[in-house]
Structure formats: structure tokens, C-alpha cells
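Student: Attaching a single structure in C-alpha cells format; questions to follow.
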Amino acid sequence: MASKRPPDRRHPTTLIVFLIFYWLGVVPVLPWGQLGHESIADLAQTLVSNNVLAKVRVILNTNDLASVALWADQARQLMKDEFHPGPLKGDAEAERFIQDHPDNDKWHFADLPLGTFKYVYEGRFAVTNDIVHSLDHCVAVLEGKSKTLTRAQALRYVIHLVGDIHQPLHVGCGYYVSHGVGGATLLKDPDRIDNPHAHDAGANLLLFVTGHTTNKLHAYWDDDLVRKVDTSPGNAHMLEILRNTIEARRWKSEGNYHDWPALWAKDSVTEANAAYDGITFGAARFTKKGKPEEIDITLAATYEARQTPRVTRQLAKAAFHLAELLNRIHWQ
């Protein structure tokens, strides 16, 4: 096994960029956040074989998985935010990438109803550029079966998307029907959903108030709950906490590894159901086409305490599965 990377080591480029944004009063929101994605990559690195790490080094010119764990989000930021393009501004590879793949922002998620019991590749709620299809495609590139991405880009995305697919709100989301002025009913059964666009974008449209601040439930999962996993200064014990959370026998992925992303997506929908527990729905605003714009929610007083262990498990599970996949790929 690879040697453990010291938990207090930081990646200077992403840290400096974060501090600059902080000083400017603009902190970009990244799925699972910097802490979540780098922690997943750090732990996975200790579980990947030395032979695979050697292959990673050839492709990325480093075997430090965490150093590339945010590249996919940074590419999306470069494409979507002209005022704050992020650390990849001026990067020739990234500029070319977003020109060639203008749909890369869609690769990070799927919009599956909470009642989904199986991911169906050609199903009603699956699309060819969702997170499951995108992970499959990146693996194909690493195995020499596709050349639409470079191997470096494909590997960066595998490292990142395996993290994203274990964030429950990147896969399962609420679908709704308006029931009059200011109200909404949550629909879980896919067969009851008439409007495939009437969802909350992975809880990004669910708003709750803390003090004088309005928060999105999705961002709360990406950042606030992740920081609650390890409240020590500098999150110094994060790697140890996640490592001790791993349930290897229970989490071992079975069958053909090409099918694993679909299985992980189904598991995340199950976890997303639990993420919607403890939510009271309030006023809702819909477009004329029946698509939610904003839905006010209130979280139960016990919500944080109940969900933080789930976040811990999902981070550890993502690292375990990332290492599993990297160890099983038939590298070109």
C-alpha cells in the first residue's frame, strides 16, 4: 500500500486561491468543498496499490491524488463565472477543454427521483452526460477505448466524480407538484412525476434561514456538514476519522467494475432519502411551466446531529470506492 500522506499538508495553489476569494468576500462553492474532495483523495491514495500510483504518476506527473481533485470544479468555474474564473484562468489545456466539452457542468450530477430503486442507463431520468455516463466514459478513456478526453483529464474526472456520486444530493433530488399558492408536494415515486423538470436541482432550490443568513441545503451538505465531521483546528484528524469509518466488507463493490457507478448512484439515492428526513416544507415559488424556483424549508433541531454521521460515511465510502476502481481499471 502507498504510504500515508500527512493529514496537515495543504495544497498551496487551492489554498491561496481560496484566501484571495475570501479576502474579496467571494468564496466559491464547490461540490463536497475543497475539504471534502481532498480528504476523499487523500484517503483513497493510502488504499491504492503502488503499481497503480506509478501509472497515475505517468499520466498526471504526480501521484498526489488530492492535488488534482478539484480540477473538474475549477474547469466548470472557468466556463461559468466570467467575473471569478478561478485558478485555471489562462490555462491553455483548460480553455481548450471547456471549448471541446461545453456540457462539462452536467457531468457532476444526476436528477433521480427519491423513489428510484435502480439506475437505468436509458431510463426516463438518465441522460448521456449525467454523472454515471460520464464516469463510464472516463474509465473508457483510461482503458484506451475512447480518445475524446486526454488520459489526464479522464483521470482527474474519475478522482472528482467518484466523490460527487457519493454526495447524496448530487444524485437524488426532490420532484414537486404545486398545490396552490405558496405550497408544494414532494413526489418520490417516478411513476407519479409528470414533469421531468419539476425538481429542486439536488436541493439547490431548498432554502433555510440561519440567523440572518439564507442557506441552500445543497451547499450546507457540501461544506457545513463536512466541516462538522472533524471540528479540530485545521481538520487535523479528518483522515483518521474517515479511515476508521471504512466498512470494507460491507462496502465492497461486486460484479463488473464498469457497472459500479450505476450501483453507487442507487446507493446515493437511498442516502438522499434520509437527507430529506427532518425537513419541513414551507412557501414555494414555481414558474408557469411548473418548475420550482425556490422552496422555503425548516430543518429539524436534530438535523445536523443526524446527518453528520451520514456525511462521514459517504466521504469514507467515496474514498474506498475510488481506490477500488483505480485498482481494478485495465489501464491502457
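To be explicit about the labels: the chains of the C-alpha cells are called A, B, and onward in the order shown, and within each one the residues are counted from 1, while ligands get numbers from 1 in the order they are shown.
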What's the 10 Å shell around Trp221 of chain A, counting only C-alpha atoms, without same-chain residues fewer than 6 positions away, as a short mmCIF file (atom, residue, chain, number, x, y, z; two decimals) with N, CA and C atoms, in the first residue's frame?

Tutor:
```
data_model
loop_
_atom_site.label_atom_id
_atom_site.label_comp_id
_atom_site.auth_asym_id
_atom_site.auth_seq_id
_atom_site.Cartn_x
_atom_site.Cartn_y
_atom_site.Cartn_z
N PRO A 31 -18.71 21.39 -5.04
CA PRO A 31 -19.32 20.19 -4.51
C PRO A 31 -18.39 19.46 -3.55
N TRP A 32 -18.93 19.03 -2.39
CA TRP A 32 -18.17 18.46 -1.27
C TRP A 32 -17.14 19.46 -0.76
N GLY A 33 -16.94 20.58 -1.42
CA GLY A 33 -15.98 21.57 -0.98
C GLY A 33 -14.55 21.09 -1.13
N GLN A 167 -21.99 12.07 -2.93
CA GLN A 167 -22.72 13.17 -2.27
C GLN A 167 -24.19 12.94 -2.63
N PRO A 168 -25.02 12.55 -1.67
CA PRO A 168 -26.39 12.13 -1.99
C PRO A 168 -27.18 13.13 -2.82
N LEU A 169 -26.97 14.42 -2.59
CA LEU A 169 -27.74 15.44 -3.29
C LEU A 169 -27.20 15.73 -4.68
N ALA A 203 -31.50 19.81 -4.32
CA ALA A 203 -31.70 20.62 -3.11
C ALA A 203 -31.05 22.00 -3.20
N ARG A 227 -17.45 20.07 7.42
CA ARG A 227 -16.60 20.63 8.49
C ARG A 227 -16.98 20.09 9.87
N ALA A 275 -31.54 12.23 3.70
CA ALA A 275 -31.18 13.65 3.77
C ALA A 275 -32.41 14.54 3.75
N GLU A 304 -28.63 18.38 12.01
CA GLU A 304 -27.16 18.32 11.91
C GLU A 304 -26.61 17.08 12.61
N GLN A 307 -27.38 13.98 10.49
CA GLN A 307 -26.81 13.88 9.15
C GLN A 307 -25.28 13.84 9.14
N THR A 308 -24.62 14.39 10.13
CA THR A 308 -23.16 14.41 10.13
C THR A 308 -22.56 13.01 10.05
N VAL A 311 -22.74 12.00 6.42
CA VAL A 311 -21.72 12.66 5.63
C VAL A 311 -20.37 11.98 5.83
#
```

Student: What are the closest atom pairs, with distances in Å to one decimal, for each residue of segment 105-214 of chain A lying within 12 Å of segment 57-65 of chain A, using only C-alpha atoms, rows by chain and rising residue number, as a tab-separated table?

Tutor:
```
residue	atom	partner	partner_atom	distance
A:Leu142	CA	A:Ile59	CA	9.6
A:Thr150	CA	A:Ile59	CA	9.3
A:Arg151	CA	A:Ile59	CA	6.6
A:Ala152	CA	A:Ile59	CA	5.6
A:Gln153	CA	A:Leu60	CA	8.9
A:Ala154	CA	A:Ile59	CA	9.9
A:Leu155	CA	A:Ile59	CA	8.1
A:Arg156	CA	A:Leu65	CA	8.4
A:Tyr157	CA	A:Leu65	CA	11.1
A:Val158	CA	A:Leu65	CA	10.5
A:Ile159	CA	A:Leu65	CA	7.3
A:His160	CA	A:Leu65	CA	9.6
```

Student: If we count only C-alpha atoms, what is near Pro190 of chain A at a cut-off of 9 Å, once residues fewer than 3 positions away on the same chain are taken out, given as a list in words?

Tutor: Leu112, Pro113, Leu114, Gly115, Thr116, Arg124, Phe125, Tyr175, Leu187, Ile193 and Asp194 of chain A

Student: Apply DSSP to the structure's backbone, then extract all residues of segment 152-225 of chain A labelled helix (DSSP H, G or I) and return them as a ChimeraX atom specification.

Tutor: /A:152-165,168-170,190-192,217-225

Student: At a cut-off of 8 Å, can you tabulate as a tab-separated table every residue of segment 111-201 of chain A near segment 259-265 of chain A together with its closest atom pair and the distance in Å to one decimal, using only C-alpha atoms and ordering rows by chain then number?

Tutor:
```
residue	atom	partner	partner_atom	distance
A:Lys118	CA	A:Leu263	CA	7.7
A:Tyr119	CA	A:Ala262	CA	5.6
A:Val120	CA	A:Ala262	CA	7.9
A:Val132	CA	A:Pro261	CA	5.5
A:Leu135	CA	A:Pro261	CA	6.9
A:Asp136	CA	A:Pro261	CA	7.3
A:Val162	CA	A:Pro261	CA	7.9
A:Ile165	CA	A:Ala265	CA	6.2
A:His166	CA	A:Trp264	CA	7.0
A:Val171	CA	A:Ala265	CA	6.3
```

Student: Which is closest to Ala94 of chain A among A:Arg285, A:His170, A:Lys252, A:Arg76, if we use only C-alpha atoms?

Tutor: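 Closest candidate: A:Arg76.
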
Student: Using only C-alpha atoms, determine which residues lie at most 12 Å from Lys147 of chain A, disregarding the query and same-chain residues fewer than 6 positions distant; provide the list as a PyMOL selection string.

Tutor: chain A and resi 137-141+153-154+332

Student: Output C-alpha atoms for every residue in the selection just made, as a PDB file, in the first residue's frame.

Tutor:
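Done, and the output landed in selection_26.pdb:
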```
ATOM      1  CA  HIS A 137     -16.783   7.378 -20.340  1.00  0.00           C
ATOM      2  CA  CYS A 138     -13.744   8.485 -18.321  1.00  0.00           C
ATOM      3  CA  VAL A 139     -12.940   4.865 -17.479  1.00  0.00           C
ATOM      4  CA  ALA A 140     -13.200   4.025 -21.190  1.00  0.00           C
ATOM      5  CA  VAL A 141     -10.630   6.726 -21.953  1.00  0.00           C
ATOM      6  CA  GLN A 153      -8.452  14.820 -17.988  1.00  0.00           C
ATOM      7  CA  ALA A 154     -10.219  11.478 -17.662  1.00  0.00           C
ATOM      8  CA  GLN A 332      -4.020   1.337 -21.226  1.00  0.00           C
TER       9      GLN A 332
END
```

Student: Using only C-alpha atoms, which protein or nucleic acid residues come within 8 Å of Trp107 of chain A? Drop anything in the same chain fewer than 5 positions from it, and give the result as a PyMOL selection string.

Tutor: chain A and resi 129-131+134

Student: Identify which of the residues A:Leu53, A:Leu88, A:Ala316, A:Met79 lies closest to Ile246 of chain A, counting only C-alpha atoms when measuring atom-to-atom distances.

Tutor: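 Using only C-alpha atoms, Ile246 of chain A sits closest to A:Ala316.
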
Student: Where does DSSP see strand (DSSP E or B) in segment 58-210 of chain A, if you list the residues as JSON, numbers by chain?

Tutor: {"A": [112, 113, 172, 173, 175, 176, 177, 178, 184, 185, 186, 187, 199, 206, 207, 208, 209, 210]}

Student: Take the residues from that selection and write them out as a PDB file, in the first residue's frame, keeping N, CA and C atoms.

Tutor:
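Final output, selection_23.pdb:
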```pdb
ATOM      1  N   LEU A 112     -32.190  12.049 -10.148  1.00  0.00           N
ATOM      2  CA  LEU A 112     -33.009  10.853  -9.950  1.00  0.00           C
ATOM      3  C   LEU A 112     -34.034  11.095  -8.845  1.00  0.00           C
ATOM      4  N   PRO A 113     -35.281  10.720  -9.073  1.00  0.00           N
ATOM      5  CA  PRO A 113     -36.296  10.846  -8.017  1.00  0.00           C
ATOM      6  C   PRO A 113     -35.904  10.028  -6.795  1.00  0.00           C
ATOM      7  N   GLY A 172     -29.723  12.053  -5.971  1.00  0.00           N
ATOM      8  CA  GLY A 172     -31.144  12.063  -5.676  1.00  0.00           C
ATOM      9  C   GLY A 172     -31.627  13.478  -5.435  1.00  0.00           C
ATOM     10  N   CYS A 173     -32.824  13.789  -5.924  1.00  0.00           N
ATOM     11  CA  CYS A 173     -33.370  15.126  -5.672  1.00  0.00           C
ATOM     12  C   CYS A 173     -34.884  15.055  -5.571  1.00  0.00           C
ATOM     13  N   TYR A 175     -38.685  15.990  -6.449  1.00  0.00           N
ATOM     14  CA  TYR A 175     -39.588  16.435  -7.506  1.00  0.00           C
ATOM     15  C   TYR A 175     -40.882  16.896  -6.836  1.00  0.00           C
ATOM     16  N   TYR A 176     -41.534  17.896  -7.413  1.00  0.00           N
ATOM     17  CA  TYR A 176     -42.659  18.539  -6.734  1.00  0.00           C
ATOM     18  C   TYR A 176     -43.800  18.816  -7.695  1.00  0.00           C
ATOM     19  N   VAL A 177     -44.958  18.979  -7.097  1.00  0.00           N
ATOM     20  CA  VAL A 177     -46.114  19.493  -7.816  1.00  0.00           C
ATOM     21  C   VAL A 177     -46.702  20.602  -6.947  1.00  0.00           C
ATOM     22  N   SER A 178     -47.029  21.711  -7.574  1.00  0.00           N
ATOM     23  CA  SER A 178     -47.619  22.833  -6.847  1.00  0.00           C
ATOM     24  C   SER A 178     -49.044  22.487  -6.448  1.00  0.00           C
ATOM     25  N   ALA A 184     -46.237  23.171  -1.966  1.00  0.00           N
ATOM     26  CA  ALA A 184     -45.704  22.152  -2.874  1.00  0.00           C
ATOM     27  C   ALA A 184     -45.780  20.793  -2.202  1.00  0.00           C
ATOM     28  N   THR A 185     -45.950  19.768  -3.022  1.00  0.00           N
ATOM     29  CA  THR A 185     -45.947  18.396  -2.537  1.00  0.00           C
ATOM     30  C   THR A 185     -44.736  17.671  -3.109  1.00  0.00           C
ATOM     31  N   LEU A 186     -43.986  17.041  -2.241  1.00  0.00           N
ATOM     32  CA  LEU A 186     -42.816  16.281  -2.662  1.00  0.00           C
ATOM     33  C   LEU A 186     -43.256  14.940  -3.235  1.00  0.00           C
ATOM     34  N   LEU A 187     -42.789  14.645  -4.456  1.00  0.00           N
ATOM     35  CA  LEU A 187     -43.094  13.375  -5.108  1.00  0.00           C
ATOM     36  C   LEU A 187     -41.837  12.516  -5.123  1.00  0.00           C
ATOM     37  N   HIS A 199     -37.955  19.575 -10.531  1.00  0.00           N
ATOM     38  CA  HIS A 199     -37.144  19.130  -9.392  1.00  0.00           C
ATOM     39  C   HIS A 199     -36.400  20.306  -8.761  1.00  0.00           C
ATOM     40  N   LEU A 206     -33.750  24.504  -2.295  1.00  0.00           N
ATOM     41  CA  LEU A 206     -34.305  24.426  -0.943  1.00  0.00           C
ATOM     42  C   LEU A 206     -33.552  25.402  -0.043  1.00  0.00           C
ATOM     43  N   LEU A 207     -34.251  26.393   0.481  1.00  0.00           N
ATOM     44  CA  LEU A 207     -33.625  27.480   1.227  1.00  0.00           C
ATOM     45  C   LEU A 207     -34.076  27.464   2.682  1.00  0.00           C
ATOM     46  N   PHE A 208     -33.116  27.600   3.588  1.00  0.00           N
ATOM     47  CA  PHE A 208     -33.459  27.735   5.002  1.00  0.00           C
ATOM     48  C   PHE A 208     -32.644  28.868   5.610  1.00  0.00           C
ATOM     49  N   VAL A 209     -33.136  29.429   6.692  1.00  0.00           N
ATOM     50  CA  VAL A 209     -32.532  30.607   7.302  1.00  0.00           C
ATOM     51  C   VAL A 209     -31.858  30.225   8.607  1.00  0.00           C
ATOM     52  N   THR A 210     -30.608  30.666   8.734  1.00  0.00           N
ATOM     53  CA  THR A 210     -29.863  30.530   9.986  1.00  0.00           C
ATOM     54  C   THR A 210     -29.423  31.931  10.408  1.00  0.00           C
TER      55      THR A 210
END
```

Student: Select, from A:Ile329, A:Gly183, A:Leu149, A:Ala323, the residue with the minimum atom-to-atom distance to Val48 of chain A, counting only C-alpha atoms.

Tutor: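 Of all the options, A:Ala323 lies closest to Val48 of chain A.
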
Student: Have a look at atom CA of Ala318 of chain A and atom CA of Ser49 of chain A and let me know their distance in Å, one decimal.

Tutor: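 Between atom CA of Ala318 of chain A and atom CA of Ser49 of chain A the gap works out to 16.8 Å.
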